[in-house]
Amino acid sequence: MKTRLTVTAAVATLLSSIGLYPLFIGWGWFWPGLGAVAVVTAAGALTRRFRLPAIFNLAGGLAALNLYLTVVYTAPEAFLWVVPTPSSLARLGSLMNDGWDTANKYTAPVPLNDGVALLATLGVGLVAATVDLLAVRLRRAAPAGLPLLAMYSVPAAVREESVSWIAFMLGATGFMALLVADAREQVSGWGRHVLSARWSEAVPGERPDSRAMAGAGRRVGMAAVALAVLVPMAVPGIHPKGMFGLSGTGDRASGSGTVRKPDPMVSLRRELQRPDDSIVLTYRTNDPGQPDYLRLWALDLFESGQWTYSSFNGTPRDRIRDRDLPPAPGLAGDTPVRTVRTDIKVDRRAEGFEFLPLPYAPVRVGIAGDWRVHPASLMVYSLRDVADGRSYTVTSKRAEPTAAQLQAAGEAPADIRGHYLAVSPEVQESILSLALRHTRGARNDYQRALKLQEWFTSPAFTYSLTAQPPDSTNDLLDFLTEHRVGYCQQFAAAMAVLARSLGIPARVAAGYTAGSRDENGTWVVRSRDAHAWPELYFEGVGWLRFEPTPGASGQAGQGTATTPAYAETATGETGAGQGGQATSAPTAPAVTGGGATPSAAAGHRLEEEETAGATPDQKKGPGVPVGWIGALVLILLILAVPMGVRLAARRRRWAQAVRPGARGRGRGPAGPGPLRQRRTWRAADPPADPAEAAHAAWAEMRADAIDHGLPWRSSDSPRAAARHLGELLELAGPASAALDRIARAEERARYAPVPAPADTLRADVAAVRTVIAESVDRRTRLRARLAPPTAMSALRGAGSRALEVFDRLVSRIGELIRR
C-alpha cells in the first residue's frame with residue numbers, strides 16, 4: 001500500500017499549502033484544507049488497496065473531495081447530510097461565485113467568508129489529489145513538485161511582497177522528504193537483499209545498513225534547501241532588498257541608480273479595498289484651514305489607457321539632506337502662498353514607503369537617511385531606505401491663487417506643453433468632441449477645468465469601488481460614454497486626459513487625502529483615505545489639484561476628499577460632494593478673551609518647536625546602518641567559529657591534564673579564593689598528571705602540523721613521527737630538543753610504567769609550533785589561524801553526528817507509522 005510514500009505526499013501537500021497564507025486574513029482557511037488533504041489521501045490509499053487502475057485513483061480522490069465539501073459547506077442541502085444532490089451542488093456553485101466576487105473585490109489579503117474558504121479548500125484538495133496520483137500511484141515524485149509549486153506561484157503573482165522564507169522552507173522540506181521516500185520505495189522494489197560480511201550487524205531477512213547513504217542524501221537535500229532560501233535573500237535581482245536590506249536598486253558605489261517603479265494605481269486600489277482600514281500615518285500641522293492632500297506620486301505618462309510616471313535616474317546631487325528642494329515649477333513670486341509646517345509620523349505597520357507622502361509644494365524635508373528629490377515633479381524618494389515607522393518634518397508652500405489670476409494665466413512654456421499635452425492621435429480624436437461639448441461657453445483654461453470638474457461631479461457619474469480599473473484606452477472611453485461608474489482612479493485619469501485634449505497641461509497625482517482630525521488636534525490618515533486626483537498647470541501658479549471624484553456617501557472610499565477654494569464653481573457650490581467638505585478661503589484665526597483658537601494654538605506650538613530645534617530624526621544625524629553592522633557582525637562570527645573551535649580544543653586538552661585543585665599552582669602569587677584558582681594557565685605552569693599532559697602535548701603538536709599542511713601518518717610511532725617531522729623541518733638546537741622531549745613523553749606515557757616529567761611540555765609545544773609556522777608561507781599560516789583543518793574536521797564530525805541523530809529520529813517516526 002506504500003504507506004510511507006502516501007503519508008509523505010500528504011504532509012508535503014499540507015506544508016506547501018502554508019505558502020497560501022498571504023492571500024487571506026487569518027488562518028481559518030487552513031483547517032478545512034487539512035481535512036481535504038486527509039480525505040483525498042485516504043481515498044487514494046483505498047483505490048490502491050483494491051489495485052484499481054490509475055484513473056480511479058484520481059476519480060476516487062475527486063469524489064471523496066466532493067463528499068467532503070458537501071459535508072462541510074452544504075450539508076443541509078445534501079441527502080443524509082453527506083450525499084450530494086442538485087441543491088447541494090447548486091449551493092456549492094453559489095458559494096464559489098461569492099468567493100470569486102470577494103477575491104476580485106479585494107486585493108490580497110482578502111477577508112474570509114464561506115465562499116473564499118471553499119475556494120481555498122477546493123484548491124488544496126485538487127493539489128492533494130494530483131500529488132497523490134503522480135507521486136504514489138504513478139511513481140513520479142519529481143513532477144509532483146509542479147502542483148506544489150503552484151501554491152507558491154499564486155500569492156507571488158497577486159502580491160508585490162514575497163512569500164516568507166520560512167513558509168518556502170517548510171514546503172521545500174516536504175518536497176525533499178517526498179523525493180527521499182520515493183527513492184527508498186524504489187530501492188526496496190529491486191528485490192531481495194543479498195547480505196554479506198560487509199553489512200555491519202546484518203540479520204538475515206532484514207535490510208542492510210544504509211544509514212551512510214541516507215545521511216549523504218539528507219546532507220544534499222538540506223544543502224539544497226539552504227541554498228534555495230539563502231540565495232534569493234542575497235541576490236538583489238531576486239529579493240527586492242537583498243539580505244539584511246543591504247542591496248537595492250542602483251549603483252551603491254556612486255550612489256546612483258534607476259528608481260524602481262511601483263504601480264501607483266495598483267497600490268491605490270489595494271489601499272482602498274483593505275478591509276481592516278488600518279492607520280497609515282498621523283501628522284500635525286500649523287495650517288489654519290483644511291490641510292492639503294499628501295502626495296506620493298506625480299504620473300506624467302498616459303500609455304495604453306493607464307497613467308504612470310517616467311523613469312528617471314537618482315543621482316547623489318538630488319539628495320535633500322540639509323538643503324532646500326528645487327523651486328516648484330511654474331510658481332511665480334507674485335502668487336499668494338501660505339507657508340505650512342507639517343510633522344508626519346508613518347505608522348510602523350505600513351510597508352514599502354519608498355516615496356514620502358508630502359503636501360505640495362514641499363520646500364524642505366527633514367528626515368534622516370538617503371532621500372532624494374525628482375526636480376520636475378518634487379517627488380521625494382529613496383533608493384535604499386523606507387519611511388515605515390519614521391517621523392519627518394515638511395515645510396511647504398501652498399499656493400492660494402485668485403480666480404482672476406487663474407483666468408489671466410498665460411500659455412505654458414514649451415517644455416511643459418511638449419511633455420504634459422501628449423495624447424495619442426486616436427485618443428485625441430475620440431474624446432476631443434466630448435471635451436468641447438462639456439466645456440462649451442468657457443473662455444479660458446481655468447473655466448474649462450471647472451466645467452470638466454462640474455461634469456464629473458454631476459449625477460451623470462456614479463462612485464463605486466467595485467468598478468474594474470482601466471486596462472486600455474477603450475476602458476477609459478467606455479467609462480466616459482457608457483457606464484460612467486468608477487472610483488477616483490477613473491475620474492482623475494479621465495479629467496487629466498480631457499484636459500490635455502483641450503490644451504491644458506495635466507498629470508495625475510496619487511497619495512492620500514488630509515484624513516480626519518481627532519480630539520487632540522492630530523490628523524489621522526487611514527488606508528480608506530488613499531486617493532488619486534488630477535493636477536493642471538497654470539503659468540505663474542504652477543500645478544494645482546482639482547477634485548473630479550463625486551461623493552461616496554454611505555461607502556468606504558474618499559469620504560475625506562475636499563475641493564480647494566480656487567476649484568469651487570462660480571455659484572459657490574463645492575465641486576465634490578464627498579463628505580460635504582470644502583476648503584474655504586483662509587482667514588486669520590479669531591482671538592477671543594486673549595486665547596487663540598485650537599488651530600492657532602496648534603500652529604503656535606509647532607512654530608515654537610521649529611524655533612527650539614530640529615525634529616528627533618534631524619537631531620540624530622545620519623542613520624545608523626543597522627543592516628551593514630548586523631551583516632558584518634554575522635560574517636565575523638561565522639569566520640571566528642573555526643578559530644574558536646580550535647582554541648577551545650586546545651584549552652580542553654590542557655585542562656584535562658590538570659587535577660581538580662591544581663590550577664592555582666605555578667608562577668606568581670597563589671592567593672586564596674576561587675578567582676585565583678581559575679586563572680589562565682601559562683606555558684611554564686606544571687600540570688598535575690604527566691601522562692595526560694604528554695597526550696595533550698602530542699595531540700597539540702599533531703594538530704599544529706596538520707593545520708599548517710604538513711604530512712602526518714597516524715600509523716607511525718611517536719619516535720618515527722617525530723623523526724619525520726624533524727627531517728621535514730630541518731630542526732636543530734632548542735627546537736629539536738623540544739620535539740624530542742614531546743615524543744619521549746608520549747612514548748613513555750603509552751608504554752612505560754612511569755611517565756616522563758611534564759614541566760616543560762607546554763613551552764616545548766609552543767616552540768615547535770613557532771618553527772612549524774615559520775616553515776610555511778603566509779597564506780598557509782593565515783589558514784591555520786582562521787580556518788584550521790582540524791577544526792573544520794571537528795565541525796564536519798559534529799554535523800554528521802547531528803544528521804545521525806536526525807536519521808534515527810526519522811527512522812523511529814517511520815517505525816511508529818508502520819505500526
# chains A, B, ... in the order shown; residues from 1 in each chain; ligands from 1
call {"tool": "residues_around", "arguments": {"residues": "Arg448 of chain A", "least_positions_apart": "6", "cutoff": "10 Å", "atoms": "only C-alpha atoms", "output": "ChimeraX atom specification"}}
result
/A:435-436,438-442,454,499,502,504
call {"tool": "write_last_selection", "arguments": {"atoms": "N, CA and C atoms", "output": "mmCIF file, in the first residue's frame"}}
result
data_model
loop_
_atom_site.group_PDB
_atom_site.id
_atom_site.type_symbol
_atom_site.label_atom_id
_atom_site.label_comp_id
_atom_site.auth_asym_id
_atom_site.auth_seq_id
_atom_site.Cartn_x
_atom_site.Cartn_y
_atom_site.Cartn_z
ATOM 1 N N ALA A 435 -14.931 66.551 -24.929
ATOM 2 C CA ALA A 435 -14.409 67.617 -24.080
ATOM 3 C C ALA A 435 -14.954 68.978 -24.496
ATOM 4 N N LEU A 436 -15.047 69.226 -25.785
ATOM 5 C CA LEU A 436 -15.577 70.515 -26.258
ATOM 6 C C LEU A 436 -17.042 70.674 -25.893
ATOM 7 N N HIS A 438 -18.683 69.502 -23.323
ATOM 8 C CA HIS A 438 -18.931 69.728 -21.903
ATOM 9 C C HIS A 438 -18.193 70.952 -21.366
ATOM 10 N N THR A 439 -17.422 71.635 -22.193
ATOM 11 C CA THR A 439 -16.811 72.896 -21.763
ATOM 12 C C THR A 439 -17.306 74.056 -22.619
ATOM 13 N N ARG A 440 -18.443 73.873 -23.277
ATOM 14 C CA ARG A 440 -18.989 74.916 -24.138
ATOM 15 C C ARG A 440 -19.282 76.175 -23.302
ATOM 16 N N GLY A 441 -18.861 77.309 -23.829
ATOM 17 C CA GLY A 441 -19.079 78.592 -23.153
ATOM 18 C C GLY A 441 -17.908 79.055 -22.317
ATOM 19 N N ALA A 442 -16.925 78.177 -22.044
ATOM 20 C CA ALA A 442 -15.753 78.574 -21.268
ATOM 21 C C ALA A 442 -14.825 79.428 -22.118
ATOM 22 N N GLU A 454 -17.099 70.040 -12.866
ATOM 23 C CA GLU A 454 -18.532 70.081 -12.577
ATOM 24 C C GLU A 454 -19.267 68.935 -13.273
ATOM 25 N N ALA A 499 -8.424 67.209 -20.168
ATOM 26 C CA ALA A 499 -7.721 68.488 -20.075
ATOM 27 C C ALA A 499 -6.601 68.569 -21.106
ATOM 28 N N LEU A 502 -7.801 69.416 -24.494
ATOM 29 C CA LEU A 502 -8.170 70.836 -24.640
ATOM 30 C C LEU A 502 -6.968 71.761 -24.601
ATOM 31 N N ILE A 504 -4.671 71.903 -22.038
ATOM 32 C CA ILE A 504 -4.278 72.249 -20.673
ATOM 33 C C ILE A 504 -3.277 71.200 -20.187
#
call {"tool": "closest_atom_pairs", "arguments": {"of": "segment 408-516 of chain A", "to": "segment 277-285 of chain A", "cutoff": "10 Å", "atoms": "only C-alpha atoms", "output": "tab-separated table"}}
result
residue	atom	partner	partner_atom	distance
A:Tyr512	CA	A:Val280	CA	9.4
A:Ala514	CA	A:Tyr283	CA	9.5
A:Gly515	CA	A:Thr282	CA	8.8
A:Ser516	CA	A:Thr282	CA	9.6
call {"tool": "write_last_selection", "arguments": {"atoms": "N, CA and C atoms", "output": "JSON list (two decimals), in the first residue's frame"}}
result
[["chain", "number", "residue", "atom", "x", "y", "z"],
["A", 512, "TYR", "N", -2.74, 60.45, -0.56],
["A", 512, "TYR", "CA", -3.77, 60.38, 0.47],
["A", 512, "TYR", "C", -4.42, 61.75, 0.63],
["A", 514, "ALA", "N", -6.41, 64.53, 3.23],
["A", 514, "ALA", "CA", -5.94, 65.07, 4.51],
["A", 514, "ALA", "C", -6.30, 64.18, 5.68],
["A", 515, "GLY", "N", -7.25, 63.25, 5.51],
["A", 515, "GLY", "CA", -7.66, 62.39, 6.60],
["A", 515, "GLY", "C", -8.68, 63.06, 7.49],
["A", 516, "SER", "N", -8.74, 62.63, 8.73],
["A", 516, "SER", "CA", -9.68, 63.19, 9.70],
["A", 516, "SER", "C", -8.93, 63.60, 10.96]]
call {"tool": "atom_distance", "arguments": {"atom1": "atom CA of Asp114 of chain A", "atom2": "atom CA of Ser164 of chain A"}}
result
25.9 Å
call {"tool": "closest_residue", "arguments": {"among": "A:Ala376, A:Thr563, A:Phe538, A:Thr457", "to": "Gln290 of chain A", "atoms": "only C-alpha atoms"}}
result
A:Thr563
call {"tool": "closest_residue", "arguments": {"among": "A:Ala758, A:Ala135, A:Ala142, A:Leu729", "to": "Trp698 of chain A", "atoms": "only C-alpha atoms"}}
result
A:Ala758
call {"tool": "residues_around", "arguments": {"residues": "Arg484 of chain A", "least_positions_apart": "3", "cutoff": "7 Å", "atoms": "only C-alpha atoms", "output": "PyMOL selection string"}}
result
chain A and resi 461-462+479-481
call {"tool": "residues_around", "arguments": {"residues": "Trp297 of chain A", "least_positions_apart": "3", "cutoff": "9 Å", "atoms": "only C-alpha atoms", "output": "PyMOL selection string"}}
result
chain A and resi 264+308-309+355-357+377+379-380+508-511
call {"tool": "write_last_selection", "arguments": {"atoms": "all heavy atoms", "output": "short mmCIF file (atom, residue, chain, number, x, y, z; two decimals), in the first residue's frame"}}
result
data_model
loop_
_atom_site.label_atom_id
_atom_site.label_comp_id
_atom_site.auth_asym_id
_atom_site.auth_seq_id
_atom_site.Cartn_x
_atom_site.Cartn_y
_atom_site.Cartn_z
N PRO A 264 1.58 52.77 -9.07
CA PRO A 264 0.81 53.56 -8.11
C PRO A 264 -0.67 53.19 -8.08
O PRO A 264 -1.29 53.19 -7.01
CB PRO A 264 1.03 55.00 -8.58
CG PRO A 264 2.29 54.96 -9.38
CD PRO A 264 2.29 53.62 -10.04
N THR A 308 1.22 56.44 -15.54
CA THR A 308 2.40 56.08 -14.77
C THR A 308 3.38 57.23 -14.85
O THR A 308 3.10 58.25 -15.50
CB THR A 308 3.03 54.78 -15.29
OG1 THR A 308 4.12 54.42 -14.44
CG2 THR A 308 3.56 54.96 -16.70
N TYR A 309 4.50 57.10 -14.20
CA TYR A 309 5.49 58.18 -14.27
C TYR A 309 6.72 57.73 -15.04
O TYR A 309 7.05 56.55 -15.09
CB TYR A 309 5.87 58.70 -12.88
CG TYR A 309 6.48 57.70 -11.94
CD1 TYR A 309 7.84 57.42 -11.97
CD2 TYR A 309 5.71 57.05 -11.00
CE1 TYR A 309 8.40 56.52 -11.10
CE2 TYR A 309 6.26 56.14 -10.11
CZ TYR A 309 7.62 55.89 -10.17
OH TYR A 309 8.18 54.99 -9.30
N PHE A 355 8.58 56.22 -1.35
CA PHE A 355 8.27 57.61 -1.68
C PHE A 355 7.61 58.24 -0.46
O PHE A 355 6.81 57.59 0.22
CB PHE A 355 7.34 57.70 -2.89
CG PHE A 355 8.00 57.39 -4.20
CD1 PHE A 355 8.38 56.10 -4.51
CD2 PHE A 355 8.23 58.39 -5.12
CE1 PHE A 355 8.99 55.80 -5.72
CE2 PHE A 355 8.84 58.11 -6.34
CZ PHE A 355 9.22 56.82 -6.64
N LEU A 356 7.93 59.50 -0.17
CA LEU A 356 7.38 60.16 1.01
C LEU A 356 6.06 60.83 0.66
O LEU A 356 5.97 61.56 -0.33
CB LEU A 356 8.35 61.22 1.54
CG LEU A 356 9.65 60.72 2.16
CD1 LEU A 356 10.45 61.91 2.70
CD2 LEU A 356 9.38 59.73 3.27
N PRO A 357 5.02 60.63 1.48
CA PRO A 357 3.79 61.40 1.32
C PRO A 357 4.00 62.82 1.83
O PRO A 357 4.33 63.03 3.00
CB PRO A 357 2.77 60.63 2.18
CG PRO A 357 3.59 59.82 3.13
CD PRO A 357 4.91 59.56 2.48
N SER A 377 9.03 66.91 -10.68
CA SER A 377 7.75 66.62 -10.02
C SER A 377 7.77 66.88 -8.53
O SER A 377 6.73 66.86 -7.89
CB SER A 377 7.39 65.15 -10.26
OG SER A 377 8.35 64.29 -9.66
N MET A 379 8.74 64.81 -6.35
CA MET A 379 8.58 63.56 -5.61
C MET A 379 9.86 63.30 -4.82
O MET A 379 10.96 63.45 -5.36
CB MET A 379 8.30 62.40 -6.56
CG MET A 379 6.97 62.45 -7.25
SD MET A 379 6.61 60.94 -8.22
CE MET A 379 7.88 61.01 -9.49
N VAL A 380 9.72 62.92 -3.56
CA VAL A 380 10.87 62.61 -2.72
C VAL A 380 10.89 61.10 -2.51
O VAL A 380 9.89 60.51 -2.09
CB VAL A 380 10.78 63.36 -1.38
CG1 VAL A 380 11.93 62.93 -0.46
CG2 VAL A 380 10.84 64.86 -1.61
N VAL A 508 -1.64 63.16 -13.36
CA VAL A 508 -2.42 62.54 -12.31
C VAL A 508 -1.52 62.38 -11.09
O VAL A 508 -0.38 61.92 -11.21
CB VAL A 508 -2.99 61.17 -12.74
CG1 VAL A 508 -3.63 60.44 -11.57
CG2 VAL A 508 -4.00 61.36 -13.86
N ALA A 509 -2.02 62.78 -9.94
CA ALA A 509 -1.30 62.59 -8.68
C ALA A 509 -2.00 61.52 -7.86
O ALA A 509 -3.22 61.32 -7.97
CB ALA A 509 -1.24 63.90 -7.89
N ALA A 510 -1.24 60.82 -7.03
CA ALA A 510 -1.78 59.76 -6.18
C ALA A 510 -1.14 59.85 -4.81
O ALA A 510 0.05 60.15 -4.70
CB ALA A 510 -1.55 58.38 -6.80
N GLY A 511 -1.91 59.59 -3.80
CA GLY A 511 -1.42 59.64 -2.43
C GLY A 511 -2.57 59.47 -1.46
O GLY A 511 -3.34 58.53 -1.55
#
call {"tool": "residues_around", "arguments": {"residues": "Ala506 of chain A", "least_positions_apart": "3", "cutoff": "10 Å", "atoms": "only C-alpha atoms", "output": "JSON, numbers by chain"}}
result
{"A": [299, 300, 416, 417, 419, 420, 421, 422, 493, 495, 496, 497, 498, 499, 500, 501, 503, 509, 534, 535, 536, 537, 538, 543, 544, 545]}
call {"tool": "residues_around", "arguments": {"residues": "Ala59 of chain A", "least_positions_apart": "6", "cutoff": "12 Å", "atoms": "only C-alpha atoms", "output": "list in words"}}
result
Val40, Ala43, Gly44, Leu46, Thr47, Leu52, Pro53, Leu65, Asn66, Leu126, Ala129, Thr130, Asp132 and Leu133 of chain A
call {"tool": "write_last_selection", "arguments": {"atoms": "N, CA and C atoms", "output": "mmCIF file, in the first residue's frame"}}
result
data_model
loop_
_atom_site.group_PDB
_atom_site.id
_atom_site.type_symbol
_atom_site.label_atom_id
_atom_site.label_comp_id
_atom_site.auth_asym_id
_atom_site.auth_seq_id
_atom_site.Cartn_x
_atom_site.Cartn_y
_atom_site.Cartn_z
ATOM 1 N N VAL A 40 -8.704 13.137 0.726
ATOM 2 C CA VAL A 40 -8.196 12.753 -0.592
ATOM 3 C C VAL A 40 -7.118 11.677 -0.461
ATOM 4 N N ALA A 43 -8.778 8.336 0.284
ATOM 5 C CA ALA A 43 -9.421 7.784 -0.904
ATOM 6 C C ALA A 43 -8.396 7.187 -1.856
ATOM 7 N N GLY A 44 -7.258 7.839 -2.032
ATOM 8 C CA GLY A 44 -6.223 7.282 -2.891
ATOM 9 C C GLY A 44 -5.675 5.981 -2.361
ATOM 10 N N LEU A 46 -7.262 3.883 -0.538
ATOM 11 C CA LEU A 46 -8.292 2.866 -0.690
ATOM 12 C C LEU A 46 -8.319 2.302 -2.108
ATOM 13 N N THR A 47 -8.205 3.156 -3.116
ATOM 14 C CA THR A 47 -8.191 2.663 -4.503
ATOM 15 C C THR A 47 -6.970 1.807 -4.766
ATOM 16 N N LEU A 52 -6.950 -0.853 -8.253
ATOM 17 C CA LEU A 52 -7.727 -0.306 -9.358
ATOM 18 C C LEU A 52 -6.803 0.464 -10.295
ATOM 19 N N PRO A 53 -7.215 0.665 -11.556
ATOM 20 C CA PRO A 53 -6.377 1.422 -12.492
ATOM 21 C C PRO A 53 -6.122 2.851 -11.991
ATOM 22 N N LEU A 65 -13.314 14.283 -2.344
ATOM 23 C CA LEU A 65 -13.272 15.722 -2.117
ATOM 24 C C LEU A 65 -14.661 16.338 -2.233
ATOM 25 N N ASN A 66 -15.437 15.872 -3.218
ATOM 26 C CA ASN A 66 -16.804 16.375 -3.381
ATOM 27 C C ASN A 66 -17.652 16.055 -2.154
ATOM 28 N N LEU A 126 -7.526 19.719 -4.711
ATOM 29 C CA LEU A 126 -7.126 19.338 -6.072
ATOM 30 C C LEU A 126 -5.628 19.093 -6.148
ATOM 31 N N ALA A 129 -4.945 15.699 -4.594
ATOM 32 C CA ALA A 129 -5.289 14.593 -5.485
ATOM 33 C C ALA A 129 -4.247 14.421 -6.580
ATOM 34 N N THR A 130 -3.759 15.533 -7.132
ATOM 35 C CA THR A 130 -2.755 15.453 -8.201
ATOM 36 C C THR A 130 -1.433 14.908 -7.685
ATOM 37 N N ASP A 132 -0.966 13.014 -5.041
ATOM 38 C CA ASP A 132 -1.145 11.596 -4.700
ATOM 39 C C ASP A 132 -1.101 10.727 -5.955
ATOM 40 N N LEU A 133 -1.707 11.201 -7.036
ATOM 41 C CA LEU A 133 -1.688 10.436 -8.284
ATOM 42 C C LEU A 133 -0.276 10.333 -8.840
#
call {"tool": "select_by_dssp", "arguments": {"residues": "segment 337-474 of chain A", "states": "helix (DSSP H, G or I)", "output": "JSON, numbers by chain"}}
result
{"A": [403, 404, 405, 406, 407, 414, 415, 416, 417, 418, 419, 420, 425, 426, 427, 428, 429, 430, 431, 432, 433, 434, 435, 436, 437, 438, 445, 446, 447, 448, 449, 450, 451, 452, 453, 454, 455, 456, 473, 474]}
call {"tool": "closest_residue", "arguments": {"among": "A:Asp182, A:Gly115, A:Met169, A:Gly369", "to": "Ala141 of chain A", "atoms": "only C-alpha atoms"}}
result
A:Asp182
